[in-house]
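Trainee: Input: one structure, supplied below.
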Amino acid sequence: MGATARALWYIESHYATPLALADIAHAVGLSPFHLSRLFQAGTGTSIVRYLRGRRLSEAARQLAQGAGDILAVALAAGYASHGSFTRAFAEQFGQTPERVRACGLDGIALVDAIKLDDTALPCAVPPRVMRAGPLRVAGINARYSTATVAGIPAQWQRLALAHPVPSAVSFGICHNGDADGHFDYLAGIPCQPGHPTPQGWHTLDIAPRDYLVAWHAGHISTIRATWRWLLDVHLPASGLQLADAPDLERYDARFNDHTGHGGVEIWLPLDTLKERAPCA
């Protein structure tokens, strides 16, 4: 059983009790940040959002079955008051607990237990640990959620329009994530400190650190399966831990942005910084 599957089992077995991200990470044997990245890559949602949705969905079922005391349902779902439960419930379902108790579950999108897609694509070339940085990348930055990530390719188009001269190397960088699964994505190119950038561009400085560098050889549309293998299989088996730092996809001349073929490097930040000479 992979780490994501173990996390899902633990949540399903314990969500009726007080449960925090740190508890789940401890049970799985990963750092909270590593587990958060792994869980979102494998399920398409964050642990916090999934746990909240599961608790509120079970609360909705109890209300639809005629539970008389809404406060008791709220407390069982981990909420300290009727008011906080009602706000979370309405945000999740667009209806109040009272309405669901009176009218049932019609129109309610319940969050059911995830049946995990076990697709994972091993790298044909063994990943390697590499020291890299410092690195400054400038480009177009946008905020995403799980529901809006389909907008990332259009972000690359905006970068191409703003910088029509192709760069030898470009980076897609995920950073500034939160517990609900929102994150910033920077589509950009390397630049030197002090070098002018177009108006509206965002600049991100990456500190020196160790990375696990892996090669995704397939079509860009299948890269999630490679991410899944790296986070769920390779890193736990190797004893490496993911750091709370930006992760990068590095595109060079091998990648064909018209066909999506050619391959891309995935750089996963590690939580140790070995004293080695920087890579060229």
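Ordered as shown in the structure tokens, chains take letters A, B, and onward, while each chain numbers its residues from 1 and ligands are numbered from 1 in the order shown.
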Leaving out range 240-256 of chain A and any residue of its chain fewer than 6 positions from it, which residues lie within 10 Å of it when counting only C-alpha atoms, given as a PyMOL selection string?

Mentor: chain A and resi 30-35+37-38+166-177+184-187+189+204-207+209-217+219-220+231+234+262-272

Trainee: Within 12 Å of Thr86 in chain A, counting only C-alpha atoms, which residues qualify if same-chain residues fewer than 4 places away don't, as a list in words?

Mentor: Leu56, Ala59, Ala60, Ile70, Leu71, Val73, Ala74, Leu75, Ala77, Tyr79, Ala80, Ser81, His82, Ala90, Glu91, Gln92, Phe93, Gly94, Gln95, Thr96, Pro97, Glu98, Arg99 and Val100 of chain A

Trainee: Please compute the CA of Ala109 in chain A-CA of Arg6 in chain A distance, one decimal, in Å.

Mentor: 25.1 Å

Trainee: Please, what distance in Å, to one decimal, runs between CA of His202 in chain A and CA of Ala41 in chain A?

Mentor: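 Going from CA of His202 in chain A over to CA of Ala41 in chain A, I get 24.9 Å.
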
Trainee: Extract the full set of strand (DSSP E or B) residues from range 183-255 of chain A according to DSSP on the backbone, and format it as number ranges by chain.

Mentor: A: 183-190, 202-206, 209-216, 242, 247-251

Trainee: Do you know which residues are at most 12 Å from Asp23 in chain A counting only C-alpha atoms, after dropping those on the same chain fewer than 2 positions away, and could you put them as a ChimeraX atom specification?

Mentor: /A:7,10-11,14-15,17-21,25-32,35,47

Trainee: With N, CA and C atoms retained, could you export that selection as an mmCIF file, in the first residue's frame?

Mentor:
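Result went into selection-v8.cif, see below:
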```cif
data_model
loop_
_atom_site.group_PDB
_atom_site.id
_atom_site.type_symbol
_atom_site.label_atom_id
_atom_site.label_comp_id
_atom_site.auth_asym_id
_atom_site.auth_seq_id
_atom_site.Cartn_x
_atom_site.Cartn_y
_atom_site.Cartn_z
ATOM 1 N N ALA A 7 -2.693 7.051 3.872
ATOM 2 C CA ALA A 7 -3.292 8.278 4.401
ATOM 3 C C ALA A 7 -4.811 8.236 4.276
ATOM 4 N N TYR A 10 -6.214 5.940 6.860
ATOM 5 C CA TYR A 10 -6.162 6.525 8.194
ATOM 6 C C TYR A 10 -7.268 7.561 8.378
ATOM 7 N N ILE A 11 -7.477 8.390 7.349
ATOM 8 C CA ILE A 11 -8.544 9.391 7.436
ATOM 9 C C ILE A 11 -9.899 8.718 7.576
ATOM 10 N N HIS A 14 -10.405 7.405 11.054
ATOM 11 C CA HIS A 14 -10.277 8.286 12.215
ATOM 12 C C HIS A 14 -10.950 9.648 12.051
ATOM 13 N N TYR A 15 -11.647 9.904 10.937
ATOM 14 C CA TYR A 15 -12.126 11.275 10.731
ATOM 15 C C TYR A 15 -13.195 11.693 11.734
ATOM 16 N N THR A 17 -12.816 11.454 14.852
ATOM 17 C CA THR A 17 -12.081 11.867 16.039
ATOM 18 C C THR A 17 -11.274 13.126 15.715
ATOM 19 N N PRO A 18 -10.800 13.855 16.750
ATOM 20 C CA PRO A 18 -9.938 15.006 16.468
ATOM 21 C C PRO A 18 -8.725 14.557 15.650
ATOM 22 N N LEU A 19 -8.513 15.212 14.518
ATOM 23 C CA LEU A 19 -7.501 14.740 13.581
ATOM 24 C C LEU A 19 -6.898 15.941 12.876
ATOM 25 N N ALA A 20 -5.586 16.041 12.898
ATOM 26 C CA ALA A 20 -4.868 17.127 12.232
ATOM 27 C C ALA A 20 -3.924 16.543 11.189
ATOM 28 N N LEU A 21 -3.449 17.399 10.300
ATOM 29 C CA LEU A 21 -2.510 16.977 9.266
ATOM 30 C C LEU A 21 -1.294 16.292 9.881
ATOM 31 N N ALA A 25 0.214 12.615 8.959
ATOM 32 C CA ALA A 25 1.591 12.488 8.475
ATOM 33 C C ALA A 25 2.403 11.551 9.364
ATOM 34 N N HIS A 26 2.201 11.650 10.682
ATOM 35 C CA HIS A 26 2.917 10.771 11.610
ATOM 36 C C HIS A 26 2.539 9.315 11.379
ATOM 37 N N ALA A 27 1.257 9.074 11.154
ATOM 38 C CA ALA A 27 0.801 7.699 10.933
ATOM 39 C C ALA A 27 1.365 7.117 9.642
ATOM 40 N N VAL A 28 1.549 7.970 8.638
ATOM 41 C CA VAL A 28 2.054 7.518 7.341
ATOM 42 C C VAL A 28 3.577 7.459 7.328
ATOM 43 N N GLY A 29 4.237 8.245 8.200
ATOM 44 C CA GLY A 29 5.691 8.245 8.261
ATOM 45 C C GLY A 29 6.348 9.247 7.330
ATOM 46 N N LEU A 30 5.633 10.338 7.010
ATOM 47 C CA LEU A 30 6.176 11.388 6.159
ATOM 48 C C LEU A 30 6.051 12.727 6.873
ATOM 49 N N SER A 31 6.758 13.728 6.380
ATOM 50 C CA SER A 31 6.579 15.073 6.918
ATOM 51 C C SER A 31 5.224 15.608 6.466
ATOM 52 N N PRO A 32 4.625 16.529 7.224
ATOM 53 C CA PRO A 32 3.336 17.091 6.801
ATOM 54 C C PRO A 32 3.388 17.707 5.410
ATOM 55 N N LEU A 35 3.572 14.894 2.751
ATOM 56 C CA LEU A 35 2.287 14.231 2.610
ATOM 57 C C LEU A 35 1.277 15.125 1.893
ATOM 58 N N ILE A 47 -5.514 17.449 1.669
ATOM 59 C CA ILE A 47 -5.940 16.673 2.838
ATOM 60 C C ILE A 47 -6.956 17.453 3.664
#
```

Trainee: Determine the nearest neighbour of His163 in chain A from the options A:Gly181, A:Thr222, A:Gln199, A:Gly42, counting only C-alpha atoms.

Mentor: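 For His163 in chain A, the nearest of the candidates is A:Gln199.
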
Trainee: Can you pull out the residues contacting Lys115 in chain A? Cut-off 10 Å, using only C-alpha atoms, and skip same-chain residues under 3 positions away; I want them as a PyMOL selection string.

Mentor: chain A and resi 5+8+43+112+118

Trainee: CA of Val111 in chain A and CA of Gly53 in chain A are how many Å apart?

Mentor: 5.5 Å

Trainee: Considering only C-alpha atoms, can you say which of A:Pro190, A:Gly107, A:Gly83, A:Pro208 comes closest to Gly139 in chain A?

Mentor: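 Of A:Pro190, A:Gly107, A:Gly83, A:Pro208, the one nearest Gly139 in chain A is A:Pro190, counting only C-alpha atoms.
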
Trainee: Can you tell me, as an MDAnalysis selection string, what residues are no more than 10 Å from Val233 in chain A when counting only C-alpha atoms, ignoring any on the same chain fewer than 5 positions away?

Mentor: chainID A and resid 1:4 38 120 122 227:228 238

Trainee: Please return as a PyMOL selection string: the residues of range 30-199 of chain A that backbone DSSP assigns to alpha helix (DSSP H).

Mentor: chain A and resi 32-43+47-64+70-76+82-93+97-103+152-162
